[in-house]
file upload-v1.cif (mmCIF, C-alpha atoms)
data_structure
#
loop_
_atom_site.group_PDB
_atom_site.id
_atom_site.type_symbol
_atom_site.label_atom_id
_atom_site.label_comp_id
_atom_site.auth_asym_id
_atom_site.auth_seq_id
_atom_site.Cartn_x
_atom_site.Cartn_y
_atom_site.Cartn_z
ATOM 1 C CA MET D 1 -4.384 -199.199 144.680
ATOM 2 C CA LYS D 2 -4.949 -196.296 142.345
ATOM 3 C CA ASN D 3 -8.445 -194.993 141.805
ATOM 4 C CA ASN D 4 -9.743 -195.171 138.249
ATOM 5 C CA ALA D 5 -9.002 -191.498 137.586
ATOM 6 C CA GLU D 6 -5.306 -192.216 138.132
ATOM 7 C CA ARG D 7 -5.447 -195.251 135.853
ATOM 8 C CA CYS D 8 -6.800 -193.353 132.831
ATOM 9 C CA TRP D 9 -4.866 -191.485 130.171
ATOM 10 C CA VAL D 10 -5.531 -189.177 127.228
ATOM 11 C CA ALA D 11 -3.255 -189.658 124.234
ATOM 12 C CA TYR D 12 -2.925 -187.211 121.341
ATOM 13 C CA SER D 13 -1.622 -187.722 117.838
ATOM 14 C CA THR D 14 -2.049 -186.028 114.473
ATOM 15 C CA VAL D 15 -2.161 -187.590 111.019
ATOM 16 C CA ASP D 16 -2.216 -186.292 107.463
ATOM 17 C CA SER D 17 -5.777 -187.170 106.393
ATOM 18 C CA HIS D 18 -9.270 -187.906 107.617
ATOM 19 C CA VAL D 19 -9.104 -191.322 105.941
ATOM 20 C CA HIS D 20 -5.937 -192.191 107.874
ATOM 21 C CA ALA D 21 -7.427 -190.829 111.126
ATOM 22 C CA THR D 22 -10.574 -192.915 110.709
ATOM 23 C CA ALA D 23 -8.650 -196.069 109.826
ATOM 24 C CA LEU D 24 -6.353 -195.677 112.841
ATOM 25 C CA ALA D 25 -9.257 -194.923 115.176
ATOM 26 C CA HIS D 26 -11.178 -198.013 114.099
ATOM 27 C CA ARG D 27 -8.129 -200.251 114.375
ATOM 28 C CA LEU D 28 -7.178 -198.965 117.837
ATOM 29 C CA VAL D 29 -10.726 -199.392 119.157
ATOM 30 C CA ASP D 30 -11.235 -202.751 117.386
ATOM 31 C CA GLU D 31 -8.007 -204.097 118.898
ATOM 32 C CA GLN D 32 -8.995 -202.741 122.332
ATOM 33 C CA LEU D 33 -5.918 -200.527 122.564
ATOM 34 C CA VAL D 34 -8.084 -197.530 123.492
ATOM 35 C CA ALA D 35 -11.591 -197.052 124.831
ATOM 36 C CA CYS D 36 -12.483 -194.177 122.534
ATOM 37 C CA VAL D 37 -11.043 -191.926 119.825
ATOM 38 C CA ASN D 38 -12.277 -188.440 118.970
ATOM 39 C CA ILE D 39 -11.234 -187.237 115.520
ATOM 40 C CA VAL D 40 -10.870 -183.462 115.324
ATOM 41 C CA GLY D 41 -10.076 -181.603 112.173
ATOM 42 C CA PRO D 42 -8.842 -180.453 110.040
ATOM 43 C CA VAL D 43 -6.545 -178.455 112.298
ATOM 44 C CA GLU D 44 -3.702 -176.236 111.117
ATOM 45 C CA SER D 45 -0.280 -177.221 112.434
ATOM 46 C CA VAL D 46 2.701 -174.885 112.240
ATOM 47 C CA TYR D 47 6.073 -176.427 113.063
ATOM 48 C CA ARG D 48 9.728 -176.449 112.132
ATOM 49 C CA TRP D 49 10.839 -179.547 110.210
ATOM 50 C CA GLN D 50 14.313 -180.040 108.775
ATOM 51 C CA GLY D 51 15.158 -176.348 109.182
ATOM 52 C CA LYS D 52 12.024 -175.031 107.488
ATOM 53 C CA VAL D 53 8.768 -173.679 108.951
ATOM 54 C CA GLU D 54 5.861 -175.768 107.667
ATOM 55 C CA GLN D 55 2.097 -175.254 107.830
ATOM 56 C CA THR D 56 -0.072 -178.303 107.230
ATOM 57 C CA LYS D 57 -3.650 -179.466 107.626
ATOM 58 C CA GLU D 58 -3.836 -182.441 109.954
ATOM 59 C CA TRP D 59 -6.456 -184.430 111.840
ATOM 60 C CA MET D 60 -6.068 -184.872 115.581
ATOM 61 C CA LEU D 61 -6.790 -188.140 117.335
ATOM 62 C CA MET D 62 -7.756 -187.691 120.985
ATOM 63 C CA MET D 63 -7.638 -191.173 122.499
ATOM 64 C CA LYS D 64 -8.697 -192.319 125.949
ATOM 65 C CA CYS D 65 -7.097 -195.430 127.402
ATOM 66 C CA SER D 66 -6.264 -197.235 130.603
ATOM 67 C CA GLU D 67 -2.761 -197.217 132.040
ATOM 68 C CA SER D 68 -2.301 -200.863 131.063
ATOM 69 C CA GLN D 69 -2.923 -199.989 127.396
ATOM 70 C CA CYS D 70 -0.323 -197.195 127.121
ATOM 71 C CA ALA D 71 2.773 -199.249 126.220
ATOM 72 C CA GLU D 72 0.962 -201.271 123.557
ATOM 73 C CA LEU D 73 -0.685 -198.101 122.175
ATOM 74 C CA LYS D 74 2.765 -196.499 121.805
ATOM 75 C CA ARG D 75 4.116 -199.544 119.999
ATOM 76 C CA VAL D 76 1.177 -200.016 117.625
ATOM 77 C CA LEU D 77 0.442 -196.365 116.839
ATOM 78 C CA THR D 78 4.037 -195.501 116.022
ATOM 79 C CA ASN D 79 4.316 -198.573 113.758
ATOM 80 C CA LEU D 80 1.095 -197.721 111.860
ATOM 81 C CA HIS D 81 1.432 -193.952 111.815
ATOM 82 C CA GLY D 82 3.233 -193.052 108.592
ATOM 83 C CA TYR D 83 5.185 -189.990 109.786
ATOM 84 C CA GLU D 84 8.951 -190.201 110.202
ATOM 85 C CA VAL D 85 8.514 -188.815 113.731
ATOM 86 C CA PRO D 86 4.910 -189.477 114.809
ATOM 87 C CA GLU D 87 3.368 -187.267 117.445
ATOM 88 C CA LEU D 88 2.194 -189.220 120.456
ATOM 89 C CA ILE D 89 1.645 -187.434 123.744
ATOM 90 C CA LEU D 90 0.193 -189.250 126.755
ATOM 91 C CA LEU D 91 -1.302 -187.290 129.640
ATOM 92 C CA PRO D 92 -2.635 -188.820 132.861
ATOM 93 C CA ILE D 93 -6.202 -187.967 133.796
ATOM 94 C CA THR D 94 -6.258 -186.816 137.406
ATOM 95 C CA ASP D 95 -9.980 -186.238 137.823
ATOM 96 C CA GLY D 96 -13.277 -186.446 135.972
ATOM 97 C CA HIS D 97 -16.728 -188.022 135.903
ATOM 98 C CA MET D 98 -16.121 -191.306 137.738
ATOM 99 C CA PRO D 99 -18.585 -193.484 135.733
ATOM 100 C CA TYR D 100 -16.804 -192.413 132.523
ATOM 101 C CA LEU D 101 -13.366 -192.981 134.040
ATOM 102 C CA ASN D 102 -14.473 -196.426 135.244
ATOM 103 C CA TRP D 103 -15.543 -197.249 131.687
ATOM 104 C CA ILE D 104 -12.138 -196.195 130.322
ATOM 105 C CA ALA D 105 -10.213 -198.072 133.019
ATOM 106 C CA GLU D 106 -12.189 -201.248 132.416
ATOM 107 C CA SER D 107 -11.994 -201.104 128.628
ATOM 108 C CA GLY D 108 -9.778 -203.181 126.477
ATOM 109 C CA LYS D 109 -7.163 -205.774 127.057
ATOM 110 C CA GLU D 110 -4.881 -205.856 130.038
ATOM 111 C CA PHE D 111 -1.373 -205.895 128.566
ATOM 112 C CA GLY D 112 1.638 -207.254 130.348
ATOM 113 C CA HIS D 113 -0.309 -209.219 132.956
ATOM 114 C CA ASP D 114 -0.311 -213.025 132.854
#
call {"tool": "encode", "arguments": {"input": "upload-v1.cif", "output": "structure tokens"}}
result
Amino acid sequence: MKNNAERCWVAYSTVDSHVHATALAHRLVDEQLVACVNIVGPVESVYRWQGKVEQTKEWMLMMKCSESQCAELKRVLTNLHGYEVPELILLPITDGHMPYLNWIAESGKEFGHD
């Protein structure tokens, strides 16, 4: 059995406005797809899109979730996002404050388990 640190993930995404970031954060937490969302921004993003270098203000969502929430988070976030190619990066948490990691691991729905 994995310890709770190994069952927790941080997911990152960026969106085009604070309003969109707040709406997504509330929906993801309300639907128990994540334990917590930090909204950071605006941040400046520089990237190449369709052959052109772009610079845009975006708002970053830093989401904490359990391993069992990852697949459903990917499905829901990419459907609600609004970008043609939404950013969604999931990173496993390998260590941290165990009471906090326990809270993340125990949050939300358990997807894919009958």
call {"tool": "resolve_selection", "arguments": {"input": "upload-v1.cif", "expression": "the PyMOL selection byres ((chain D and resi 56) around 8)", "output": "list in words"}}
result
Glu44, Ser45, Val46, Glu54, Gln55, Lys57 and Glu58 of chain D
call {"tool": "residues_around", "arguments": {"input": "upload-v1.cif", "residues": "Cys36 (chain D)", "least_positions_apart": "5", "cutoff": "10 Å", "atoms": "only C-alpha atoms", "output": "PyMOL selection string"}}
result
chain D and resi 10+25-26+28-29+61-65+104+107
call {"tool": "write_last_selection", "arguments": {"input": "upload-v1.cif", "atoms": "C-alpha atoms", "output": "short mmCIF file (atom, residue, chain, number, x, y, z; two decimals), in the coordinates of the input"}}
result
data_model
loop_
_atom_site.label_atom_id
_atom_site.label_comp_id
_atom_site.auth_asym_id
_atom_site.auth_seq_id
_atom_site.Cartn_x
_atom_site.Cartn_y
_atom_site.Cartn_z
CA VAL D 10 -5.53 -189.18 127.23
CA ALA D 25 -9.26 -194.92 115.18
CA HIS D 26 -11.18 -198.01 114.10
CA LEU D 28 -7.18 -198.96 117.84
CA VAL D 29 -10.73 -199.39 119.16
CA LEU D 61 -6.79 -188.14 117.34
CA MET D 62 -7.76 -187.69 120.98
CA MET D 63 -7.64 -191.17 122.50
CA LYS D 64 -8.70 -192.32 125.95
CA CYS D 65 -7.10 -195.43 127.40
CA ILE D 104 -12.14 -196.20 130.32
CA SER D 107 -11.99 -201.10 128.63
#
call {"tool": "closest_residue", "arguments": {"input": "upload-v1.cif", "among": "D:Gln32, D:Gln50, D:Ser68, D:Thr78", "to": "Ser13 (chain D)", "atoms": "all atoms listed in the file"}}
result
D:Thr78
call {"tool": "closest_residue", "arguments": {"input": "upload-v1.cif", "among": "D:Glu31, D:Glu106, D:Glu72, D:Glu87", "to": "Tyr12 (chain D)", "atoms": "only C-alpha atoms"}}
result
D:Glu87
call {"tool": "residues_around", "arguments": {"input": "upload-v1.cif", "residues": "Val85 (chain D)", "least_positions_apart": "3", "cutoff": "12 Å", "atoms": "only C-alpha atoms", "output": "PyMOL selection string"}}
result
chain D and resi 13-15+49-50+77-82+88
call {"tool": "write_last_selection", "arguments": {"input": "upload-v1.cif", "atoms": "C-alpha atoms", "output": "compact mmCIF listing (two decimals), in the frame of the given file"}}
result
# COMPACT_ATOMS: atom_id res chain seq x y z
CA SER D 13 -1.62 -187.72 117.84
CA THR D 14 -2.05 -186.03 114.47
CA VAL D 15 -2.16 -187.59 111.02
CA TRP D 49 10.84 -179.55 110.21
CA GLN D 50 14.31 -180.04 108.78
CA LEU D 77 0.44 -196.36 116.84
CA THR D 78 4.04 -195.50 116.02
CA ASN D 79 4.32 -198.57 113.76
CA LEU D 80 1.10 -197.72 111.86
CA HIS D 81 1.43 -193.95 111.82
CA GLY D 82 3.23 -193.05 108.59
CA LEU D 88 2.19 -189.22 120.46
call {"tool": "closest_residue", "arguments": {"input": "upload-v1.cif", "among": "D:Ala71, D:Met98, D:Val53, D:Ile93", "to": "Leu33 (chain D)", "atoms": "all atoms listed in the file"}}
result
D:Ala71
call {"tool": "axis_aligned_box", "arguments": {"input": "upload-v1.cif", "around": "region 13-22 of chain D", "padding_each_side": "3 Å", "output": "AutoDock Vina command-line options"}}
result
--center_x -6.1 --center_y -189.5 --center_z 111.9 --size_x 15.0 --size_y 12.9 --size_z 17.9
call {"tool": "residues_near_point", "arguments": {"input": "upload-v1.cif", "point": "(-6.3, -187.1, 104.4)", "cutoff": "10 Å", "atoms": "all atoms listed in the file", "output": "PyMOL selection string"}}
result
chain D and resi 15-22+42+57-59
call {"tool": "closest_residue", "arguments": {"input": "upload-v1.cif", "among": "D:Leu73, D:Ile89, D:Glu67, D:Val37", "to": "Trp9 (chain D)", "atoms": "all atoms listed in the file"}}
result
D:Glu67
call {"tool": "atom_distance", "arguments": {"input": "upload-v1.cif", "atom1": "CA of Met60 (chain D)", "atom2": "CA of Pro86 (chain D)"}}
result
11.9 Å
call {"tool": "atom_distance", "arguments": {"input": "upload-v1.cif", "atom1": "CA of Cys70 (chain D)", "atom2": "CA of Leu90 (chain D)"}}
result
8.0 Å
call {"tool": "closest_residue", "arguments": {"input": "upload-v1.cif", "among": "D:Thr94, D:Lys52, D:Tyr47, D:Cys8", "to": "Val34 (chain D)", "atoms": "all atoms listed in the file"}}
result
D:Cys8
call {"tool": "closest_residue", "arguments": {"input": "upload-v1.cif", "among": "D:Ile39, D:Val76, D:Ser66, D:Leu91", "to": "Ala105 (chain D)", "atoms": "all atoms listed in the file"}}
result
D:Ser66
call {"tool": "atom_distance", "arguments": {"input": "upload-v1.cif", "atom1": "CA of Asp95 (chain D)", "atom2": "CA of Lys74 (chain D)"}}
result
22.9 Å
